[in-house]
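The next block is entry_33.cif, given as mmCIF, C-alpha atoms and all ligand atoms.
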```
data_final
loop_
_atom_site.group_PDB
_atom_site.id
_atom_site.type_symbol
_atom_site.label_atom_id
_atom_site.label_comp_id
_atom_site.auth_asym_id
_atom_site.auth_seq_id
_atom_site.Cartn_x
_atom_site.Cartn_y
_atom_site.Cartn_z
ATOM 1 C CA MET A 143 3.415 -10.703 -1.114
ATOM 2 C CA LYS A 144 5.182 -7.374 -1.001
ATOM 3 C CA PHE A 145 4.622 -5.100 2.008
ATOM 4 C CA PHE A 146 4.115 -1.407 1.365
ATOM 5 C CA VAL A 147 3.711 0.944 4.324
ATOM 6 C CA ASP A 148 0.738 3.283 4.173
ATOM 7 C CA THR A 149 2.135 6.358 5.895
ATOM 8 C CA ALA A 150 4.190 9.537 5.517
ATOM 9 C CA ASP A 151 5.675 9.086 9.007
ATOM 10 C CA ILE A 152 9.431 8.793 8.398
ATOM 11 C CA ASP A 153 10.261 7.349 11.824
ATOM 12 C CA ALA A 154 7.679 4.596 11.413
ATOM 13 C CA ILE A 155 8.979 3.767 7.918
ATOM 14 C CA ARG A 156 12.565 3.712 9.210
ATOM 15 C CA GLU A 157 11.710 1.270 12.017
ATOM 16 C CA LEU A 158 10.038 -1.220 9.655
ATOM 17 C CA HIS A 159 12.664 -0.708 6.963
ATOM 18 C CA ALA A 160 15.391 -1.794 9.395
ATOM 19 C CA LEU A 161 13.595 -5.156 9.650
ATOM 20 C CA GLY A 162 13.331 -5.560 5.881
ATOM 21 C CA MET A 163 9.551 -5.145 6.031
ATOM 22 C CA VAL A 164 9.275 -2.263 3.561
ATOM 23 C CA ASP A 165 9.061 -3.056 -0.139
ATOM 24 C CA GLY A 166 7.476 0.311 -0.894
ATOM 25 C CA VAL A 167 5.411 3.154 0.545
ATOM 26 C CA THR A 168 2.005 4.643 -0.246
ATOM 27 C CA THR A 169 0.879 8.120 0.678
ATOM 28 C CA ASN A 170 -2.256 10.110 -0.055
ATOM 29 C CA PRO A 171 -3.378 13.714 0.607
ATOM 30 C CA SER A 172 -4.811 12.733 4.006
ATOM 31 C CA LEU A 173 -1.544 11.103 5.096
ATOM 32 C CA ILE A 174 0.454 14.145 3.921
ATOM 33 C CA MET A 175 -1.904 16.378 5.914
ATOM 34 C CA LYS A 176 -1.421 14.128 8.966
ATOM 35 C CA SER A 177 2.384 14.358 8.646
ATOM 36 C CA GLY A 178 2.228 18.152 8.716
ATOM 37 C CA ARG A 179 5.084 18.172 6.179
ATOM 38 C CA ASP A 180 5.551 19.620 2.691
ATOM 39 C CA ILE A 181 4.640 16.927 0.137
ATOM 40 C CA LYS A 182 7.807 17.232 -1.943
ATOM 41 C CA GLU A 183 10.106 17.392 1.063
ATOM 42 C CA VAL A 184 8.655 14.404 2.913
ATOM 43 C CA THR A 185 8.261 12.338 -0.271
ATOM 44 C CA ALA A 186 11.911 12.971 -1.201
ATOM 45 C CA GLU A 187 12.970 11.772 2.254
ATOM 46 C CA ILE A 188 10.907 8.601 1.912
ATOM 47 C CA CYS A 189 12.307 7.947 -1.576
ATOM 48 C CA ALA A 190 15.858 8.279 -0.291
ATOM 49 C CA LEU A 191 15.172 5.770 2.487
ATOM 50 C CA VAL A 192 13.238 3.144 0.533
ATOM 51 C CA ASP A 193 14.393 1.503 -2.698
ATOM 52 C CA GLY A 194 10.931 0.345 -3.816
ATOM 53 C CA PRO A 195 8.009 2.298 -5.305
ATOM 54 C CA VAL A 196 6.785 5.331 -3.351
ATOM 55 C CA SER A 197 3.283 6.474 -4.305
ATOM 56 C CA ALA A 198 2.606 10.216 -4.374
ATOM 57 C CA GLU A 199 -0.935 11.286 -5.239
ATOM 58 C CA THR A 200 -2.086 13.951 -7.686
ATOM 59 C CA VAL A 201 -4.869 16.294 -6.592
ATOM 60 C CA ALA A 202 -6.129 17.735 -9.894
ATOM 61 C CA LEU A 203 -9.497 16.418 -11.052
ATOM 62 C CA ASP A 204 -8.925 16.749 -14.811
ATOM 63 C CA ALA A 205 -6.612 14.550 -16.895
ATOM 64 C CA ASP A 206 -4.260 17.334 -18.027
ATOM 65 C CA GLY A 207 -3.897 18.563 -14.462
ATOM 66 C CA MET A 208 -3.128 15.049 -13.221
ATOM 67 C CA ILE A 209 -0.577 14.539 -15.997
ATOM 68 C CA ASN A 210 1.189 17.833 -15.159
ATOM 69 C CA GLU A 211 1.188 17.098 -11.435
ATOM 70 C CA GLY A 212 2.336 13.537 -12.083
ATOM 71 C CA ARG A 213 5.303 14.729 -14.138
ATOM 72 C CA GLU A 214 6.170 17.216 -11.403
ATOM 73 C CA LEU A 215 5.980 14.565 -8.659
ATOM 74 C CA ALA A 216 8.079 12.189 -10.776
ATOM 75 C CA LYS A 217 10.942 14.717 -10.648
ATOM 76 C CA ILE A 218 11.311 13.991 -6.907
ATOM 77 C CA ALA A 219 13.006 10.609 -7.447
ATOM 78 C CA ASP A 220 13.243 7.635 -9.799
ATOM 79 C CA ASN A 221 11.144 5.428 -7.513
ATOM 80 C CA ILE A 222 8.090 7.710 -7.515
ATOM 81 C CA THR A 223 4.825 6.037 -8.463
ATOM 82 C CA ILE A 224 2.211 8.537 -9.586
ATOM 83 C CA LYS A 225 -1.116 7.916 -7.899
ATOM 84 C CA VAL A 226 -4.268 8.932 -9.749
ATOM 85 C CA PRO A 227 -7.908 8.320 -8.800
ATOM 86 C CA LEU A 228 -10.087 5.797 -10.571
ATOM 87 C CA THR A 229 -12.147 8.299 -12.532
ATOM 88 C CA TRP A 230 -12.391 8.572 -16.310
ATOM 89 C CA ALA A 231 -9.903 11.450 -16.155
ATOM 90 C CA GLY A 232 -7.643 9.329 -13.943
ATOM 91 C CA LEU A 233 -7.681 6.533 -16.522
ATOM 92 C CA GLN A 234 -6.782 9.034 -19.255
ATOM 93 C CA ALA A 235 -3.891 10.308 -17.159
ATOM 94 C CA CYS A 236 -2.828 6.726 -16.375
ATOM 95 C CA LYS A 237 -2.643 5.893 -20.070
ATOM 96 C CA VAL A 238 -0.473 8.929 -20.853
ATOM 97 C CA LEU A 239 1.819 8.641 -17.821
ATOM 98 C CA SER A 240 2.320 4.878 -18.129
ATOM 99 C CA GLY A 241 2.994 5.427 -21.854
ATOM 100 C CA GLU A 242 5.865 7.682 -20.798
ATOM 101 C CA GLY A 243 7.331 4.742 -18.882
ATOM 102 C CA ARG A 244 6.293 6.008 -15.456
ATOM 103 C CA MET A 245 4.863 3.822 -12.676
ATOM 104 C CA VAL A 246 1.184 4.598 -12.051
ATOM 105 C CA ASN A 247 -0.956 3.511 -9.087
ATOM 106 C CA VAL A 248 -4.691 3.845 -9.771
ATOM 107 C CA THR A 249 -6.367 4.407 -6.440
ATOM 108 C CA LEU A 250 -9.877 4.514 -4.949
ATOM 109 C CA CYS A 251 -10.908 1.298 -6.715
ATOM 110 C CA PHE A 252 -14.116 -0.282 -5.440
ATOM 111 C CA SER A 253 -15.193 -2.653 -8.244
ATOM 112 C CA ALA A 254 -13.771 -5.356 -10.484
ATOM 113 C CA ASN A 255 -14.842 -3.406 -13.567
ATOM 114 C CA GLN A 256 -12.845 -0.401 -12.380
ATOM 115 C CA ALA A 257 -9.824 -2.685 -11.912
ATOM 116 C CA LEU A 258 -10.273 -4.093 -15.417
ATOM 117 C CA LEU A 259 -10.276 -0.578 -16.891
ATOM 118 C CA ALA A 260 -7.139 0.371 -14.936
ATOM 119 C CA ALA A 261 -5.287 -2.670 -16.269
ATOM 120 C CA LYS A 262 -6.351 -1.799 -19.836
ATOM 121 C CA ALA A 263 -5.069 1.769 -19.260
ATOM 122 C CA GLY A 264 -1.628 0.422 -18.327
ATOM 123 C CA ALA A 265 -1.671 0.813 -14.541
ATOM 124 C CA THR A 266 1.369 -0.541 -12.711
ATOM 125 C CA PHE A 267 -0.729 -0.987 -9.558
ATOM 126 C CA ILE A 268 -4.453 -1.077 -8.848
ATOM 127 C CA SER A 269 -5.455 -0.097 -5.307
ATOM 128 C CA PRO A 270 -8.756 -1.663 -4.201
ATOM 129 C CA PHE A 271 -9.831 -0.301 -0.788
ATOM 130 C CA VAL A 272 -10.951 -3.249 1.326
ATOM 131 C CA GLY A 273 -11.514 -1.456 4.645
ATOM 132 C CA ARG A 274 -13.807 1.176 3.189
ATOM 133 C CA LEU A 275 -15.906 -1.589 1.568
ATOM 134 C CA ASP A 276 -16.065 -3.484 4.867
ATOM 135 C CA ASP A 277 -17.240 -0.219 6.451
ATOM 136 C CA ILE A 278 -20.390 -0.341 4.299
ATOM 137 C CA ASN A 279 -20.950 -4.076 4.873
ATOM 138 C CA ILE A 280 -19.499 -5.248 1.567
ATOM 139 C CA ASP A 281 -16.730 -7.831 1.939
ATOM 140 C CA GLY A 282 -13.645 -6.064 0.608
ATOM 141 C CA MET A 283 -11.749 -9.338 0.198
ATOM 142 C CA ASP A 284 -14.370 -10.638 -2.265
ATOM 143 C CA LEU A 285 -13.265 -7.796 -4.539
ATOM 144 C CA ILE A 286 -9.606 -8.821 -4.248
ATOM 145 C CA ALA A 287 -10.519 -12.393 -5.231
ATOM 146 C CA GLU A 288 -12.518 -11.134 -8.234
ATOM 147 C CA ILE A 289 -9.686 -8.911 -9.461
ATOM 148 C CA ARG A 290 -7.147 -11.742 -8.966
ATOM 149 C CA GLN A 291 -9.333 -14.026 -11.115
ATOM 150 C CA ILE A 292 -9.801 -11.436 -13.876
ATOM 151 C CA TYR A 293 -6.138 -10.417 -14.019
ATOM 152 C CA ASP A 294 -5.077 -14.081 -14.107
ATOM 153 C CA ASN A 295 -7.647 -14.904 -16.815
ATOM 154 C CA TYR A 296 -6.004 -12.425 -19.162
ATOM 155 C CA ALA A 297 -2.433 -12.334 -17.789
ATOM 156 C CA PHE A 298 -2.541 -8.602 -17.009
ATOM 157 C CA ASP A 299 0.741 -7.275 -15.582
ATOM 158 C CA THR A 300 -0.996 -4.758 -13.297
ATOM 159 C CA GLU A 301 -0.221 -5.618 -9.672
ATOM 160 C CA ILE A 302 -3.020 -5.871 -7.119
ATOM 161 C CA LEU A 303 -2.103 -3.531 -4.261
ATOM 162 C CA VAL A 304 -4.587 -4.158 -1.455
ATOM 163 C CA ALA A 305 -5.268 -0.835 0.272
ATOM 164 C CA SER A 306 -7.350 0.526 3.127
ATOM 165 C CA ILE A 307 -6.115 -2.342 5.271
ATOM 166 C CA ARG A 308 -7.291 -2.098 8.865
ATOM 167 C CA THR A 309 -6.448 -5.436 10.504
ATOM 168 C CA ALA A 310 -3.820 -8.174 10.578
ATOM 169 C CA ASN A 311 -6.499 -10.524 9.199
ATOM 170 C CA HIS A 312 -6.726 -8.326 6.106
ATOM 171 C CA MET A 313 -3.011 -8.997 5.547
ATOM 172 C CA LYS A 314 -3.484 -12.759 5.900
ATOM 173 C CA ASP A 315 -6.518 -12.810 3.608
ATOM 174 C CA ALA A 316 -4.728 -10.709 0.964
ATOM 175 C CA ALA A 317 -1.801 -13.157 1.034
ATOM 176 C CA LEU A 318 -4.109 -16.203 0.824
ATOM 177 C CA ILE A 319 -5.868 -14.779 -2.230
ATOM 178 C CA GLY A 320 -2.528 -14.055 -3.873
ATOM 179 C CA ALA A 321 -2.495 -10.251 -3.922
ATOM 180 C CA ASP A 322 0.811 -8.912 -5.221
ATOM 181 C CA VAL A 323 1.136 -6.176 -2.602
ATOM 182 C CA ALA A 324 -0.586 -5.082 0.600
ATOM 183 C CA THR A 325 -0.200 -1.572 1.927
ATOM 184 C CA ALA A 326 -0.895 -1.178 5.615
ATOM 185 C CA PRO A 327 -0.418 1.324 8.418
ATOM 186 C CA PRO A 328 2.697 0.543 10.505
ATOM 187 C CA ALA A 329 0.562 -0.494 13.502
ATOM 188 C CA VAL A 330 -1.171 -3.197 11.455
ATOM 189 C CA ILE A 331 2.143 -4.652 10.253
ATOM 190 C CA LYS A 332 3.414 -4.729 13.832
ATOM 191 C CA ALA A 333 0.136 -6.306 15.044
ATOM 192 C CA MET A 334 0.814 -9.280 12.752
ATOM 193 C CA ALA A 335 3.457 -10.383 15.276
ATOM 194 C CA ASN A 336 0.978 -10.624 18.143
ATOM 195 C CA HIS A 337 -0.546 -13.826 19.501
ATOM 196 C CA VAL A 338 -2.048 -14.355 22.937
ATOM 197 C CA LEU A 339 -0.490 -17.844 23.155
ATOM 198 C CA THR A 340 2.951 -16.398 22.396
ATOM 199 C CA ASP A 341 2.529 -13.989 25.330
ATOM 200 C CA LYS A 342 1.209 -16.757 27.603
ATOM 201 C CA GLY A 343 3.967 -19.175 26.580
ATOM 202 C CA LEU A 344 6.670 -16.598 27.175
ATOM 203 C CA GLU A 345 5.232 -15.792 30.591
ATOM 204 C CA GLY A 346 5.408 -19.512 31.534
ATOM 205 C CA PHE A 347 8.965 -19.917 30.270
ATOM 206 C CA MET A 348 10.095 -16.827 32.194
ATOM 207 C CA ALA A 349 8.483 -18.046 35.404
ATOM 208 C CA ASP A 350 10.146 -21.485 35.117
ATOM 209 C CA TRP A 351 13.492 -19.962 34.157
ATOM 210 C CA ALA A 352 13.457 -17.786 37.279
ATOM 211 C CA LYS A 353 13.071 -20.982 39.365
ATOM 212 C CA THR A 354 16.301 -22.455 37.922
ATOM 213 C CA GLY A 355 18.357 -19.587 39.347
ATOM 214 C CA GLN A 356 20.525 -19.742 36.192
ATOM 215 C CA SER A 357 21.695 -16.990 33.826
ATOM 216 C CA ILE A 358 22.874 -17.308 30.236
ATOM 217 C CA ILE A 359 25.355 -14.422 30.315
HETATM 218 C C1 LIG B 1 -3.571 3.520 0.020
HETATM 219 O O1 LIG B 1 -3.002 3.778 -1.003
HETATM 220 C C2 LIG B 1 -4.670 4.334 0.556
HETATM 221 O O2 LIG B 1 -4.287 5.660 0.530
HETATM 222 C C3 LIG B 1 -5.039 3.923 1.949
HETATM 223 O O3 LIG B 1 -4.804 2.545 2.122
HETATM 224 C C4 LIG B 1 -6.413 4.334 2.369
HETATM 225 O O4 LIG B 1 -6.710 3.781 3.622
HETATM 226 P P1 LIG B 1 -7.941 4.273 4.513
HETATM 227 O O5 LIG B 1 -9.207 3.780 3.896
HETATM 228 O O6 LIG B 1 -7.711 3.644 5.858
HETATM 229 O O7 LIG B 1 -7.878 5.770 4.535
#
```
Just give me the structure of the file as structure tokens.
Amino acid sequence: MKFFVDTADIDAIRELHALGMVDGVTTNPSLIMKSGRDIKEVTAEICALVDGPVSAETVALDADGMINEGRELAKIADNITIKVPLTWAGLQACKVLSGEGRMVNVTLCFSANQALLAAKAGATFISPFVGRLDDINIDGMDLIAEIRQIYDNYAFDTEILVASIRTANHMKDAALIGADVATAPPAVIKAMANHVLTDKGLEGFMADWAKTGQSII
């Protein structure tokens, strides 16, 4: 499973990138707002740092507007993925932009039928939002399993990009189901390294090592 980082925070991307943990980046208007940076400037910096796909989201609500914004965003770098919402207009824009050979990420997906339409419209990535479904007491991972089944049934090329990830367990569940990509905030990726027994074990080893009076260097 590929790891995308869901942030526009350059320092956080750089830290994970140094460990080989960044296969791509996703941003959205809220993350750009949080960064306090100009969208083109910060996106260009991310694209220069990361080789993989970097999603930049359109903000128009009509298809022509999304297509124009998508073409403009695509000028930033070759690894730009144009992100459009899963509306009828978004699907129209997806069809045109993917037909031009551009990568398209269809976002704000909350149903298997929406994911099926995105695949038919030529999406490179579909972004189902698991955390926001969990928030309303619908199991977001059930949706990932449904989309996996449908895409496999018909050998769609569209990659399942699990989004709105909130916990390390979401990462594990996405990997178990066979999602192609998971995009997560940096803190969630780092939290995957944590285990209480690792901490306890290390504490015991350190205590015993101190009793030996030895040093390695
Ligand atoms: C990813 O592409 C989305 O922008 C993101 O995962 C949304 O996450 P949120 O529901 O935590 O805002």
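Taking atom C3 of ligand LIG 1 (chain B) and CA of Leu228 in chain A as endpoints, the distance between them is 13.6 Å.
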A:Ile155, A:Ala349, A:Ile224, A:Val304 ranked by distance to ligand LIG 1 (chain B), top pick (using only C-alpha atoms and all ligand atoms): A:Val304
Using all atoms listed in the file: which of A:Ile222, A:Leu318, A:Ile307, A:Ile280 has the shortest distance to ligand LIG 1 (chain B): A:Ile307
Result set, the PyMOL selection byres (((chain A and resi 260-263) around 9) and not hetatm) on current file, as a list in words: Leu228, Leu233, Gln234, Ala235, Cys236, Lys237, Val238, Ser240, Val248, Asn255, Gln256, Ala257, Leu258, Leu259, Gly264, Ala265, Thr266, Phe267, Ile268, Tyr293, Phe298, Asp299, Thr300 and Glu301 of chain A
Test item: the PyMOL selection byres (((chain A and resi 249) around 9) and not hetatm) resolved as JSON, numbers by chain: {"A": [199, 225, 226, 227, 228, 247, 248, 250, 251, 267, 268, 269, 270, 271, 305]}
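Neighbouring residues of ligand LIG 1 (chain B) at a cut-off of 6 Å, counting all atoms listed in the file, are Asp148, Thr168, Thr169, Asn170, Gly273, Arg274, Ala305, Ser306 and Ile307 of chain A.
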Explicit residues for the PyMOL selection byres (((chain A and resi 331) around 12) and not hetatm) (as a ChimeraX atom specification): /A:144-149,154-155,157-159,161,163-164,307-314,324-330,332-336
